[in-house]
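Dumped protein18.cif below, it's mmCIF, C-alpha atoms:
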```cif
data_upload
loop_
_atom_site.label_atom_id
_atom_site.label_comp_id
_atom_site.auth_asym_id
_atom_site.auth_seq_id
_atom_site.Cartn_x
_atom_site.Cartn_y
_atom_site.Cartn_z
CA MET C 150 0.00 0.00 0.00
CA SER C 151 1.37 3.44 -0.96
CA ALA C 152 1.76 6.40 1.37
CA LEU C 153 -1.12 8.14 -0.41
CA ALA C 154 -3.36 5.12 0.07
CA ASP C 155 -2.53 5.17 3.78
CA GLU C 156 -3.65 8.80 3.93
CA LEU C 157 -7.03 7.90 2.37
CA THR C 158 -7.91 5.09 4.74
CA GLY C 159 -11.30 5.89 6.21
CA ILE C 160 -12.53 8.20 3.45
CA ASP C 161 -16.32 8.46 3.75
CA LEU C 162 -18.33 9.75 0.80
CA GLY C 163 -21.56 8.05 1.82
CA ASP C 164 -21.18 4.89 -0.27
CA GLN C 165 -18.51 2.15 -0.27
CA ARG C 166 -18.34 2.05 -4.08
CA ARG C 167 -17.89 5.79 -4.15
CA ASP C 168 -15.18 5.51 -1.49
CA ARG C 169 -13.28 2.90 -3.54
CA ARG C 170 -13.61 4.97 -6.69
CA ALA C 171 -12.23 8.03 -4.88
CA GLU C 172 -9.28 6.06 -3.51
CA GLN C 173 -8.43 4.70 -6.97
CA LEU C 174 -8.79 8.11 -8.62
CA LEU C 175 -6.70 9.96 -6.04
CA GLU C 176 -4.03 7.27 -6.31
CA ALA C 177 -3.95 7.73 -10.10
CA LEU C 178 -3.80 11.53 -9.81
CA GLY C 179 -1.10 11.28 -7.15
CA GLU C 180 1.10 9.14 -9.38
CA LYS C 181 0.90 11.71 -12.22
CA PRO C 182 0.31 15.11 -10.58
CA THR C 183 1.50 17.19 -13.54
CA VAL C 184 -0.76 15.75 -16.27
CA SER C 185 -4.42 16.28 -17.12
CA ILE C 186 -7.20 14.21 -15.59
CA PRO C 187 -7.76 12.15 -18.81
CA ALA C 188 -4.02 11.46 -19.07
CA ALA C 189 -3.83 10.41 -15.42
CA CYS C 190 -6.90 8.17 -15.68
CA GLY C 191 -5.55 6.33 -18.72
CA GLY C 192 -8.80 5.79 -20.61
CA TRP C 193 -12.11 7.37 -21.59
CA ASP C 194 -14.24 5.15 -19.35
CA GLU C 195 -12.05 5.95 -16.34
CA THR C 196 -12.17 9.65 -17.20
CA LYS C 197 -15.99 9.66 -17.37
CA ALA C 198 -16.12 7.84 -14.03
CA ALA C 199 -13.84 10.49 -12.53
CA TYR C 200 -16.06 13.35 -13.66
CA ARG C 201 -19.18 11.56 -12.43
CA LEU C 202 -17.47 11.32 -9.04
CA PHE C 203 -16.58 15.02 -9.06
CA ASP C 204 -20.18 15.94 -9.91
CA HIS C 205 -21.71 13.96 -7.03
CA PRO C 206 -23.06 16.26 -4.27
CA ALA C 207 -21.58 14.02 -1.55
CA VAL C 208 -18.06 14.59 -2.89
CA THR C 209 -16.74 17.77 -1.30
CA ALA C 210 -13.21 19.01 -0.65
CA GLU C 211 -13.79 18.73 3.09
CA ARG C 212 -14.85 15.06 2.92
CA VAL C 213 -12.06 14.11 0.55
CA LEU C 214 -9.44 15.81 2.74
CA ALA C 215 -10.87 14.56 6.05
CA PRO C 216 -8.73 11.37 6.36
CA HIS C 217 -5.59 13.23 5.29
CA SER C 218 -6.26 15.98 7.85
CA ALA C 219 -6.75 13.33 10.53
CA CYS C 220 -3.38 11.79 9.62
CA THR C 221 -1.84 15.25 9.74
CA VAL C 222 -3.11 15.80 13.27
CA GLU C 223 -1.51 12.52 14.35
CA ARG C 224 1.81 13.64 12.87
CA LEU C 225 1.55 16.87 14.86
CA ARG C 226 1.70 14.83 18.08
CA GLU C 227 5.26 13.78 17.25
CA HIS C 228 6.64 17.34 17.42
CA PRO C 229 7.00 19.82 20.31
CA ARG C 230 6.36 22.83 18.06
CA VAL C 231 4.35 23.04 14.81
CA LEU C 232 3.72 26.07 12.60
CA CYS C 233 0.22 26.38 11.14
CA VAL C 234 0.56 28.68 8.14
CA GLN C 235 -2.39 30.15 6.25
CA ASP C 236 -2.45 31.99 2.96
CA THR C 237 -4.82 32.51 0.05
CA THR C 238 -4.21 31.42 -3.53
CA GLU C 239 -6.29 31.93 -6.63
CA LEU C 240 -7.21 29.38 -9.28
CA ASP C 241 -7.46 31.17 -12.63
CA TYR C 242 -9.90 29.50 -15.04
CA THR C 243 -10.41 32.54 -17.29
CA SER C 244 -9.86 30.44 -20.42
CA LYS C 245 -12.35 27.76 -19.27
CA LYS C 246 -15.57 29.49 -20.26
CA GLU C 247 -17.64 26.33 -19.79
CA ILE C 248 -16.99 25.97 -16.04
CA ALA C 249 -20.02 27.04 -13.97
CA GLY C 250 -19.88 28.67 -10.56
CA LEU C 251 -16.75 30.77 -11.08
CA GLY C 252 -16.42 34.38 -9.96
CA PRO C 253 -14.17 37.36 -10.60
CA LEU C 254 -10.62 37.38 -9.26
CA ASN C 255 -8.89 40.77 -9.03
CA TYR C 256 -10.66 41.88 -12.24
CA GLU C 257 -14.11 41.02 -13.55
CA THR C 258 -12.49 39.71 -16.73
CA ARG C 259 -10.44 37.17 -14.77
CA ARG C 260 -12.57 34.23 -13.61
CA GLY C 261 -11.83 31.56 -11.06
CA MET C 262 -12.01 30.78 -7.36
CA TYR C 263 -9.97 31.13 -4.19
CA LEU C 264 -8.41 28.52 -1.89
CA HIS C 265 -7.30 29.21 1.68
CA PRO C 266 -5.49 26.20 3.21
CA THR C 267 -3.80 25.75 6.59
CA LEU C 268 -0.46 24.01 6.09
CA ALA C 269 1.24 22.40 9.10
CA LEU C 270 5.02 22.19 9.10
CA THR C 271 7.86 21.97 11.58
CA PRO C 272 10.18 24.92 12.37
CA GLU C 273 12.72 23.01 10.24
CA ARG C 274 10.31 23.41 7.27
CA VAL C 275 9.24 19.77 7.09
CA PRO C 276 5.62 19.72 5.78
CA LEU C 277 3.21 17.60 7.82
CA GLY C 278 0.04 18.08 5.78
CA LEU C 279 -3.10 20.20 5.47
CA LEU C 280 -5.23 20.84 8.54
CA ASP C 281 -8.15 22.41 6.70
CA LEU C 282 -9.14 24.17 3.50
CA ASP C 283 -11.56 26.98 2.74
CA SER C 284 -12.70 27.78 -0.81
CA TRP C 285 -15.07 30.29 -2.37
CA ALA C 286 -15.96 32.17 -5.53
CA ARG C 287 -16.96 35.82 -5.60
CA GLU C 288 -20.31 36.92 -6.93
CA PRO C 289 -20.08 38.15 -10.53
CA GLY C 290 -20.27 41.93 -10.64
CA SER C 291 -19.30 42.29 -6.97
CA LEU C 292 -15.92 43.95 -7.52
CA GLY C 293 -15.89 47.68 -6.86
CA GLN C 294 -19.31 47.68 -5.21
CA GLU C 295 -19.64 49.66 -1.98
CA LYS C 296 -20.01 47.35 1.00
CA ASP C 297 -21.71 47.98 4.32
CA PRO C 298 -18.91 48.57 6.86
CA GLY C 299 -21.19 47.30 9.63
CA ARG C 300 -21.95 43.94 8.03
CA ALA C 301 -21.39 40.79 10.10
CA LEU C 302 -17.96 39.19 10.11
CA GLU C 303 -19.46 36.02 8.63
CA GLU C 304 -20.34 38.01 5.49
CA LYS C 305 -16.74 39.13 4.90
CA GLU C 306 -14.06 37.20 3.05
CA SER C 307 -11.69 38.02 5.92
CA VAL C 308 -13.62 35.65 8.19
CA ARG C 309 -11.34 32.91 6.83
CA TRP C 310 -8.46 34.18 9.00
CA VAL C 311 -10.56 34.08 12.17
CA ASP C 312 -12.03 30.67 11.35
CA GLY C 313 -8.55 29.32 10.62
CA PHE C 314 -7.22 30.52 13.97
CA ALA C 315 -10.26 29.10 15.78
CA HIS C 316 -9.59 25.67 14.26
CA VAL C 317 -5.92 25.80 15.25
CA ASN C 318 -6.97 26.78 18.77
CA GLU C 319 -9.26 23.75 19.00
CA LEU C 320 -6.36 21.51 18.01
CA ALA C 321 -4.07 23.23 20.53
CA GLU C 322 -6.36 22.18 23.37
CA GLN C 323 -6.28 18.56 22.17
CA LEU C 324 -2.52 18.35 21.53
CA THR C 325 -1.25 19.01 25.03
CA ASP C 326 2.35 18.05 24.20
CA THR C 327 2.57 20.10 20.99
CA ARG C 328 2.73 23.88 20.86
CA LEU C 329 0.93 25.29 17.80
CA THR C 330 1.76 28.65 16.25
CA TYR C 331 -0.72 30.15 13.79
CA ILE C 332 0.92 32.39 11.16
CA ALA C 333 -0.89 34.81 8.85
CA ASP C 334 0.49 37.21 6.26
CA ARG C 335 -0.28 40.94 6.00
CA GLU C 336 -3.84 40.25 4.86
CA GLY C 337 -4.46 38.60 8.23
CA ASP C 338 -3.58 41.80 10.11
CA ILE C 339 -7.23 42.64 10.81
CA TYR C 340 -9.08 43.93 13.84
CA ASP C 341 -11.45 40.96 13.84
CA LEU C 342 -8.59 38.52 14.37
CA PHE C 343 -7.40 40.47 17.42
CA VAL C 344 -10.89 40.67 18.94
CA GLU C 345 -12.93 37.74 17.69
CA ALA C 346 -10.39 34.91 17.71
CA PRO C 347 -10.85 32.81 20.85
CA CYS C 348 -8.00 32.56 23.32
CA PRO C 349 -8.67 29.64 25.69
CA GLU C 350 -6.53 28.76 28.69
CA ARG C 351 -4.30 26.61 26.50
CA GLY C 352 -4.53 28.10 23.04
CA ALA C 353 -2.27 28.51 20.05
CA ASP C 354 0.31 31.25 19.66
CA TRP C 355 -0.27 33.48 16.67
CA SER C 356 1.61 35.93 14.55
CA ALA C 357 0.27 38.19 11.80
CA PHE C 358 2.54 40.33 9.64
CA SER C 359 1.68 44.00 10.02
CA THR C 360 0.28 46.04 7.13
CA LYS C 361 0.82 49.39 8.83
CA SER C 362 3.90 51.38 9.75
CA VAL C 363 4.52 51.55 13.50
CA SER C 364 5.51 54.83 15.13
CA SER C 365 8.10 55.13 17.87
CA PRO C 366 7.66 57.41 20.91
CA THR C 367 9.85 60.01 19.15
CA GLY C 368 7.73 59.97 16.02
CA ALA C 369 10.02 57.86 13.87
CA SER C 370 8.30 55.16 11.88
CA CYS C 371 9.31 51.68 10.85
CA ALA C 372 8.45 49.80 7.70
CA PRO C 373 5.80 47.07 7.68
CA SER C 374 7.04 43.74 8.96
CA SER C 375 9.07 41.46 6.76
CA MET C 376 10.06 38.95 9.47
CA PRO C 377 8.04 37.52 12.37
CA LEU C 378 9.28 37.83 15.94
CA PRO C 379 8.68 35.37 18.78
CA CYS C 380 5.18 35.55 20.24
CA SER C 381 4.57 38.32 22.74
CA PRO C 382 2.82 37.96 26.13
CA ARG C 383 -0.82 36.93 26.14
CA LEU C 384 -2.17 40.44 25.53
CA PRO C 385 -0.34 43.01 23.41
CA SER C 386 0.96 45.95 25.42
CA THR C 387 -0.62 49.34 24.77
CA ASN C 388 2.79 50.98 25.22
CA PRO C 389 5.36 50.44 22.47
CA PRO C 390 8.75 49.12 23.62
CA PRO C 391 11.75 51.46 23.67
CA MET C 392 13.25 51.82 20.22
CA ALA C 393 16.86 52.77 19.62
CA GLY C 394 18.03 54.83 16.68
CA ARG C 395 16.00 56.64 14.08
CA HIS C 396 13.97 53.68 12.90
CA ALA C 397 12.25 51.03 14.96
CA PRO C 398 12.93 47.40 14.08
CA SER C 399 10.41 45.64 11.85
CA ILE C 400 7.88 43.76 13.92
CA SER C 401 4.90 41.47 13.53
CA ARG C 402 1.72 41.64 15.49
CA SER C 403 1.55 38.58 17.69
CA ARG C 404 0.03 37.15 20.82
CA ARG C 405 0.75 34.13 22.92
CA CYS C 406 -2.07 32.44 24.80
CA ALA C 407 -0.45 31.18 27.98
#
```

Now, as a test, write the supplied structure out as structure tokens.
Amino acid sequence: MSALADELTGIDLGDQRRDRRAEQLLEALGEKPTVSIPAACGGWDETKAAYRLFDHPAVTAERVLAPHSACTVERLREHPRVLCVQDTTELDYTSKKEIAGLGPLNYETRRGMYLHPTLALTPERVPLGLLDLDSWAREPGSLGQEKDPGRALEEKESVRWVDGFAHVNELAEQLTDTRLTYIADREGDIYDLFVEAPCPERGADWSAFSTKSVSSPTGASCAPSSMPLPCSPRLPSTNPPPMAGRHAPSISRSRRCA
């Protein structure tokens, strides 16, 4: 049995035949990750079966990834410190006019969807797997429209950063011998993450790169962060630390839940 097959043990798509088909298909795609689906499947009948599987309502990214994510959590237990890194990537299908359900990317003329995974890896940069995955497509015509600033967090795309941290926090309470650190880029430097993200008694550390310049007591400013620092005490101090010289060192916004 291959390593990929081990990761898929326990996949549950609501039907044993569907489960076996998914295992076979993912094994075929894993053996040839750089080719098209027809080329990986090796025949027209197999290709049609693959697309029938994709079209089934019970087949979702969350259910397909579930056994892999469970294996990833078990691998986390083997390490004293694990980094849980989130970022957003776009899938550009502008040339695939026949695909339904796509939305605009950064321009209305560019069509596709967004993925927001949480990748677990060791401080030595050894990848351990995906913990979760969020995906969405924007509504056509939504770019440039004025949005209600008072709308609920759940209606904003930025909720993905808060949800991701909440999931990492849940894992932190389960993995008592592993310290988890959630890391977000500049897009994750949002007020909602500071306020809404839960911070239980034993929670995850977190660090978000700053999007704003930070002023020193003397008025000098420092550039937005390019490197994360170790997590700060549980609550960020309202007083900035002393800063030597004309420019303050680059920092990241961070908090450690003790």

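Nearest to Ala210 (chain C) of all the residues C:Asp241, C:Asp281, C:Asp236, C:Asp168 is C:Asp281, based on all atoms listed in the file.
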
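Relative to CA of Thr221 (chain C), CA of Val208 (chain C) is found at 20.6 Å.
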
Taking all atoms of region 322-328 of chain C that the file lists and extending 5 Å past them on each side, where is the centre of the axis-aligned box and how long are its edges? Answer in Å to one decimal, as JSON.
```
{"center_x": -1.8, "center_y": 21.0, "center_z": 22.9, "size_x": 19.1, "size_y": 15.8, "size_z": 14.2}
```

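Between Ile160 (chain C) and the candidates C:Gly352, C:Gly290, C:Gly313, C:Pro216, the tightest atom-to-atom separation, counting all atoms listed in the file, involves C:Pro216.
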
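If you measure from each of C:Met262, C:Leu254, C:Val317, C:Leu175 to Asp155 (chain C) using all atoms listed in the file, the closest one turns out to be C:Leu175.
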
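Put simply, the PyMOL selection byres ((chain C and resi 178) around 12) in this file takes in C:Leu153, C:Ala154, C:Ala171, C:Glu172, C:Gln173, C:Leu174, C:Leu175, C:Glu176, C:Ala177, C:Gly179, C:Glu180, C:Lys181, C:Pro182, C:Thr183, C:Val184, C:Ser185, C:Ile186, C:Pro187, C:Ala188, C:Ala189, C:Cys190, C:Gly191, C:Glu195, C:Thr196, C:Ala199.
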